[in-house]
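Below: one structure, written as structure tokens.
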Amino acid sequence: MRQSWWKILAIALLLYTLIAGLLMEAPRLPILNETIRALHFHVTMWFGMILMLVISVYYSIKYLRTNDIRNDDLAIEFTNSAILFGVLGIVTGMLWAKFTWGDYWSSDPKQNAAAIGILMYFAYLVLRNSLSDSQQRARIGAIYNIFAFAAFIPLIFVLPRLTDSLHPGNGGNPGFNAYDLDSKLRVVFYPAIIGWTLLGSWIATVRVRMRRVERTIEDRMINS
């Protein structure tokens with residue numbers, strides 16, 4: 001129970017996010033109306049993705065310093081979880097865009113930047129899978145992961161602000177803080193970020209254990 005408290009917390013926060021995010025009273029804003037509830041899923045998933053990418057980069061740096069393959073296990077699986085939430089974030093964002101902007105994909109600079117960023121991480125997976133030597137795969141993957149993150153952050157946070165964008169807080173548009181004066185969104189928004197991040201970490205740790213069990217089995221088969 002002591003080791004599982006954060007998993008229980010993840011379930012509780014996500015249940016709260018689903019129930020409160022869909023049923024709690026939301027600010028009545030022009031055009032957005034009830035679609036603003038997507039904020040609790042679309043935006044918070046992306047925040048969770050960023051946090052998981054930070055963890056992934058940490059373990060990539062740690063692998064380069066120690067050459068401990070266990071650090072590479074954590075780096076790749078946190079990246080996989082981040083990619084999953086990135087894809088879910090794009091899909092939920094497309095649904096939101098359909099009702100607020102009139103189309104699933106409007107070639108908005110932030111939409112395009114997000115798609116490029118996800119493709120960049122898909123390339124990371126392809127690169128890793130193309131290498132057969134585990135240490136070479138881990139080392140090249142770690143270097144790519146660090147540089148990919150360094151490019152990803154300005155791609156989705158800086159560049160869209162330099163041009164016209166439909167996204168709140170970009171291209172001269174006011175952010176949600178300008179509208180959410182009664183903080184009705186915040187009571188769900190922040191718990192949702194924590195909940196999605198914990199869920200992604202849960203998925204990553206399960207996959208890390210699976211990866212290590214598979215490696216142990218392979219080593220025993222080779223030694224026998």
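In the structure tokens, chains take the letters A, B, ... in the order shown, each chain's residues start at 1, and ligands count up from 1 in the order shown.
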
Do a neighbour search on Glu77 of chain A at 12 Å with only C-alpha atoms, toss out local chain neighbours closer than 2 positions, and write the hits as an mmCIF file with C-alpha atoms, in the first residue's frame.
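So the final result, stored in result03.cif, reads:
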```cif
data_model
loop_
_atom_site.group_PDB
_atom_site.id
_atom_site.type_symbol
_atom_site.label_atom_id
_atom_site.label_comp_id
_atom_site.auth_asym_id
_atom_site.auth_seq_id
_atom_site.Cartn_x
_atom_site.Cartn_y
_atom_site.Cartn_z
ATOM 1 C CA MET A 52 7.276 13.128 -18.895
ATOM 2 C CA LEU A 53 9.650 14.385 -21.572
ATOM 3 C CA ILE A 55 11.919 12.987 -16.935
ATOM 4 C CA SER A 56 12.968 11.204 -20.111
ATOM 5 C CA VAL A 57 15.709 13.743 -20.832
ATOM 6 C CA TYR A 59 17.408 9.710 -17.636
ATOM 7 C CA SER A 60 19.024 10.142 -21.065
ATOM 8 C CA ARG A 70 18.528 0.767 -16.770
ATOM 9 C CA ASN A 71 18.540 4.538 -17.217
ATOM 10 C CA ASP A 72 17.919 4.061 -20.939
ATOM 11 C CA ASP A 73 14.932 1.834 -20.087
ATOM 12 C CA LEU A 74 13.395 4.706 -18.143
ATOM 13 C CA ALA A 75 14.240 7.267 -20.818
ATOM 14 C CA THR A 79 9.208 9.063 -23.981
ATOM 15 C CA ASN A 80 6.723 6.429 -25.160
ATOM 16 C CA SER A 81 4.220 7.584 -22.531
ATOM 17 C CA ALA A 82 4.802 11.203 -23.540
ATOM 18 C CA ILE A 83 4.163 10.356 -27.199
ATOM 19 C CA LEU A 84 0.908 8.619 -26.246
ATOM 20 C CA LEU A 125 11.525 5.601 -32.161
ATOM 21 C CA GLY A 200 1.792 8.297 -17.716
ATOM 22 C CA SER A 201 4.422 7.491 -15.088
ATOM 23 C CA TRP A 202 2.452 4.390 -14.100
ATOM 24 C CA ILE A 203 2.381 3.196 -17.720
ATOM 25 C CA ALA A 204 6.102 3.911 -18.104
ATOM 26 C CA THR A 205 7.108 2.006 -14.953
ATOM 27 C CA VAL A 206 5.042 -1.035 -15.969
ATOM 28 C CA ARG A 207 6.692 -1.076 -19.394
ATOM 29 C CA VAL A 208 10.131 -0.670 -17.813
ATOM 30 C CA ARG A 209 9.533 -3.772 -15.688
ATOM 31 C CA MET A 210 8.386 -5.686 -18.769
ATOM 32 C CA ARG A 211 11.460 -4.571 -20.703
ATOM 33 C CA ARG A 212 13.803 -5.694 -17.910
#
```

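Every protein or nucleic acid residue with an atom no more than 6 Å from Ile156 of chain A, counting only C-alpha atoms and leaving out same-chain residues fewer than 2 positions away, appears here: A:Ala113, A:Ile153, A:Pro154.
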
Written file, previous selection with N, CA and C atoms, as an mmCIF file, in the first residue's frame:
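After the write, selection.cif holds the following:
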```cif
data_model
loop_
_atom_site.group_PDB
_atom_site.id
_atom_site.type_symbol
_atom_site.label_atom_id
_atom_site.label_comp_id
_atom_site.auth_asym_id
_atom_site.auth_seq_id
_atom_site.Cartn_x
_atom_site.Cartn_y
_atom_site.Cartn_z
ATOM 1 N N ALA A 113 2.966 23.025 -35.453
ATOM 2 C CA ALA A 113 4.163 22.828 -34.630
ATOM 3 C C ALA A 113 4.025 21.572 -33.775
ATOM 4 N N ILE A 153 10.585 22.309 -27.346
ATOM 5 C CA ILE A 153 10.043 23.359 -26.480
ATOM 6 C C ILE A 153 9.861 24.689 -27.214
ATOM 7 N N PRO A 154 10.894 25.224 -27.878
ATOM 8 C CA PRO A 154 10.652 26.475 -28.626
ATOM 9 C C PRO A 154 9.687 26.286 -29.790
#
```

Show which residues sit within 9 Å of Ile61 of chain A, as a PyMOL selection string. Count only C-alpha atoms, and ignore same-chain residues fewer than 6 positions away. chain A and resi 71+142-143+146

Using C-alpha atoms, can you export the residues from the last selection as a PDB file, in the first residue's frame?
```pdb
ATOM      1  CA  ASN A  71      18.540   4.538 -17.217  1.00  0.00           C
ATOM      2  CA  ALA A 142      19.943   9.509 -25.592  1.00  0.00           C
ATOM      3  CA  ILE A 143      21.714  12.150 -27.690  1.00  0.00           C
ATOM      4  CA  ILE A 146      18.182  15.565 -25.606  1.00  0.00           C
TER       5      ILE A 146
END
```

Using the chain letters and numbers from this document, which residues of segment 31-193 of chain A does DSSP assign to alpha helix (DSSP H), as a PyMOL selection string? chain A and resi 42-66+69-100+109-129+134-157+186-193
